[in-house]
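Asker: I'd like to ask you about the structure that follows.
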Amino acid sequence: MEKMNLKGQQLLLNTVINQGLCVQCGACVGHCPYFNFFDGQVMAMDTCRSETGRCIQLCPQVEHEKASSDRPLDIKSDIKSLEKPIGFFKEIFIARASKQSIRNQAQYGGIVSSILAYALNKDLVNFAVLTNRGSGIAPEGVIAESESDIFACAGSRYSSSASLSALNKAIHENKRKIAVVGLPCQMESLSRMKLMDQGKDSIGDRIALAIGLFCTWSIKYRELTQYLIHEGITSKIIKYDIPPPPSQLFMVQTHNGWKELSLDRVRPYIHKGCSFCLDMTAELSDISVGTVEDKKGWNTVIIRSDAGMELMNMAISDSVIETQELPKKNLEHLKKAAGNKRKRGLAALKNKKMNNEYNNS
Ligand SMILES: Cc1cc2nc3c(=O)[nH]c(=O)nc-3n(C[C@H](O)[C@H](O)[C@H](O)COP(=O)(O)OP(=O)(O)OC[C@H]3O[C@@H](n4cnc5c(N)ncnc54)[C@H](O)[C@@H]3O)c2cc1C
């Protein structure tokens, strides 16, 4: 019989993938040649005999307790703290791209795309790991090298893209000055990658910028697609939107216009693994970006590191973006939403631990 390597792939399969807990961040895909991402799902293609088990060390679904350890960055984090539900930060404000043409293509204020394009033009980054639109197949990670590549990825896909697989590809191709845009789970994996590989020419050395997106949850691609077909949505999707509460809507734009669906119909397709996530505002990034309640076309921006601060200050002084103060009411709402996610996550983790202990007793 095959000897099971319970340190590596088999452990990841047993504890995460086969339990339906994978959130498709893509950290293991391409890092290990035996994992692949196809049609919205990470799967093992063959048995791996490696003893190192890097795949499991990178997985954001494993060992959340270690998430608060020191980072090789000037980003501090205590992802379990209920006192600091949006994490440590240097500045928080609202902003949008100065150019209307950028905002038109973007999800909200176009801050992510505009600061990336700016960083590329200023030679601060040479490549950006992003999520493409996917036409018919699931969204997936891509390596953007030009402004047009960046704008082609604008907009939010609410299913996960395993886009860190594109980062693994970029690292294998020896690329440098890489920016990564991702969800909080992906910022967690990215942070682990940096922790594991430090020093000159390390992964940490090659990643110039990490932009994290706020995220409450993401949806399973296959199930979402089936549901949209059931709703008669079969043509190419131009844009998705989840307007802030109390709307309770999941909106889909095709060439026939916008269709409003009930958010409750989509909730059953949320990744099971998202219920254990403690981080709504992507605390382990240089810059975190989300929506602004009650102010259409703007982003909430959280600056967490010196690198993030420097880039933002440059973009502001070159009038690439415009900023305003974050209204106090919005800050309170954001903290409340992030705190609620953290409380739910901590309760789910506690339950899971109790169940595991019960099953092992
Ligand atoms: C799954 C998901 C859940 C989200 N939940 C929330 C939330 O609860 N609250 C909130 O305020 N904001 C949430 N957002 C963030 C929000 O939708 C916008 O991405 C963010 O405000 C940036 O807006 P922008 O106009 O600057 O983006 P743009 O300039 O349009 O850039 C968007 C960037 O997002 C990247 N992207 C798109 N889809 C994905 C994906 N699936 N995974 C990783 N990267 C992706 C693209 O590569 C692109 O670079 C969520 C986003 C996603 C993808």
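Just so we're on the same page: first chain in the structure tokens is A, next is B, and so on; residues restart at 1 for each chain, and ligands are numbered from 1 in the order they show up.
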Find the residues near ligand 1. Use a cut-off of 6 Å, count only C-alpha atoms and all ligand atoms, and write them as a PyMOL selection string.
Answerer: chain A and resi 106-113+130-131+153-161+181-183+213-218+289-291+299
Asker: What does the file look like for those residues with C-alpha atoms, as a PDB file, in the first residue's frame?
Answerer:
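New file part26.pdb:
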```pdb
ATOM      1  CA  ALA A 106     -13.416  49.720 -12.045  1.00  0.00           C
ATOM      2  CA  GLN A 107     -15.475  48.086  -9.336  1.00  0.00           C
ATOM      3  CA  TYR A 108     -15.862  51.248  -7.247  1.00  0.00           C
ATOM      4  CA  GLY A 109     -13.371  54.120  -7.156  1.00  0.00           C
ATOM      5  CA  GLY A 110     -10.682  52.306  -9.149  1.00  0.00           C
ATOM      6  CA  ILE A 111      -8.063  52.792  -6.443  1.00  0.00           C
ATOM      7  CA  VAL A 112      -6.597  49.313  -6.899  1.00  0.00           C
ATOM      8  CA  SER A 113      -6.169  49.598 -10.665  1.00  0.00           C
ATOM      9  CA  LEU A 130      -4.225  39.847 -10.550  1.00  0.00           C
ATOM     10  CA  THR A 131      -7.507  38.053 -11.204  1.00  0.00           C
ATOM     11  CA  CYS A 153      -8.622  42.875 -14.689  1.00  0.00           C
ATOM     12  CA  ALA A 154     -10.593  45.741 -13.089  1.00  0.00           C
ATOM     13  CA  GLY A 155     -13.802  44.792 -11.293  1.00  0.00           C
ATOM     14  CA  SER A 156     -14.646  42.179  -8.645  1.00  0.00           C
ATOM     15  CA  ARG A 157     -15.257  38.500  -9.297  1.00  0.00           C
ATOM     16  CA  TYR A 158     -16.943  37.158  -6.175  1.00  0.00           C
ATOM     17  CA  SER A 159     -15.665  33.634  -6.625  1.00  0.00           C
ATOM     18  CA  SER A 160     -12.055  32.827  -5.769  1.00  0.00           C
ATOM     19  CA  SER A 161      -9.468  32.629  -8.495  1.00  0.00           C
ATOM     20  CA  VAL A 181      -3.732  41.916  -5.271  1.00  0.00           C
ATOM     21  CA  GLY A 182      -5.755  39.448  -3.258  1.00  0.00           C
ATOM     22  CA  LEU A 183      -8.334  38.569  -0.652  1.00  0.00           C
ATOM     23  CA  LEU A 213      -9.265  43.582  -0.748  1.00  0.00           C
ATOM     24  CA  PHE A 214     -11.867  43.740   1.996  1.00  0.00           C
ATOM     25  CA  CYS A 215     -13.831  40.500   1.961  1.00  0.00           C
ATOM     26  CA  THR A 216     -16.715  39.063   3.954  1.00  0.00           C
ATOM     27  CA  TRP A 217     -16.761  35.802   1.966  1.00  0.00           C
ATOM     28  CA  SER A 218     -16.339  34.417  -1.521  1.00  0.00           C
ATOM     29  CA  VAL A 289      -9.133  48.585  -0.194  1.00  0.00           C
ATOM     30  CA  GLY A 290     -12.910  48.189   0.073  1.00  0.00           C
ATOM     31  CA  THR A 291     -16.134  49.949  -0.702  1.00  0.00           C
ATOM     32  CA  ASN A 299     -13.081  53.292  -1.934  1.00  0.00           C
TER      33      ASN A 299
END
```
Asker: Just the residues within 12 Å of Glu91 of chain A, please, counting only C-alpha atoms, with nothing from its chain fewer than 5 positions along; format it as a PDB file with C-alpha atoms, in the first residue's frame.
Answerer:
```
ATOM      1  CA  ILE A  86      -9.655  46.316  11.278  1.00  0.00           C
ATOM      2  CA  ASP A 286       0.539  47.224   2.524  1.00  0.00           C
ATOM      3  CA  ILE A 287      -2.725  48.819   1.426  1.00  0.00           C
ATOM      4  CA  SER A 288      -6.255  47.473   2.015  1.00  0.00           C
ATOM      5  CA  THR A 300     -12.187  52.987   1.719  1.00  0.00           C
ATOM      6  CA  VAL A 301      -8.388  52.844   1.856  1.00  0.00           C
ATOM      7  CA  ILE A 302      -6.305  51.605   4.798  1.00  0.00           C
ATOM      8  CA  ILE A 303      -2.568  52.234   4.702  1.00  0.00           C
ATOM      9  CA  ARG A 304      -0.658  49.739   6.822  1.00  0.00           C
ATOM     10  CA  SER A 305       3.024  49.931   5.867  1.00  0.00           C
ATOM     11  CA  ASP A 306       5.688  52.495   4.962  1.00  0.00           C
ATOM     12  CA  GLY A 308       1.986  51.646   1.118  1.00  0.00           C
ATOM     13  CA  MET A 309       2.241  55.141   2.596  1.00  0.00           C
ATOM     14  CA  GLU A 310       4.996  56.207   0.242  1.00  0.00           C
ATOM     15  CA  MET A 312      -0.118  56.646  -1.790  1.00  0.00           C
ATOM     16  CA  ASN A 313       1.575  59.973  -1.031  1.00  0.00           C
ATOM     17  CA  THR A 323      -8.932  61.612  -1.193  1.00  0.00           C
ATOM     18  CA  GLN A 324     -11.362  62.705   1.492  1.00  0.00           C
ATOM     19  CA  GLU A 325     -11.695  62.038   5.195  1.00  0.00           C
ATOM     20  CA  LEU A 326     -13.525  58.818   6.110  1.00  0.00           C
ATOM     21  CA  LEU A 331     -15.441  54.003  10.353  1.00  0.00           C
TER      22      LEU A 331
END
```
Asker: With distances taken over only C-alpha atoms, which of A:Ile143, A:Leu120, A:Met314, A:Ala152 is nearest to Glu173 of chain A?
Answerer: A:Ile143
Asker: For Glu260 of chain A, which residue among A:Leu190, A:Lys336, A:Phe276, A:Ile233 is the nearest when counting only C-alpha atoms?
Answerer: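 Closest residue, counting only C-alpha atoms: A:Ile233.
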Asker: Quick one: distance from atom CA of Leu124 of chain A to atom CA of Ala208 of chain A in Å, one decimal?
Answerer: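 Answer for the atom CA of Leu124 of chain A to atom CA of Ala208 of chain A separation: 7.4 Å.
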Asker: Considering only C-alpha atoms, return as a list in words whatever protein or nucleic-acid residues lie within 10 Å of Ala44 of chain A, sequence-local ones (same chain, fewer than 5 positions apart) excluded.
Answerer: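 Selected residues are Gln9, Gln10, Leu12, Leu13, Ile17, Cys28, Val29, Cys32, Pro33, Tyr34, Phe35, Asn36 and Phe37 of chain A.
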Asker: As an exercise, work out the distance from atom CA of Phe127 of chain A to atom CA of Cys55 of chain A in Å and give it to one decimal place.
Answerer: 23.8 Å
Asker: Using only C-alpha atoms, can you tell me which of A:Val266, A:Pro243, A:Lys220, A:Arg176 comes closest to Lys200 of chain A?
Answerer: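 That would be A:Arg176, the residue with the smallest distance to Lys200 of chain A.
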Asker: So that I can see what lies close to Gly53 of chain A, please list as a list in words the residues with an atom at most 9 Å from it, counting only C-alpha atoms and leaving out residues fewer than 2 positions away in the same chain.
Answerer: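 What passes the distance filter is Asn5, Leu6, Lys7, Gly8, Gln9, Leu11, Leu12, Ser50, Glu51, Cys55, Ile56 and Gln57 of chain A.
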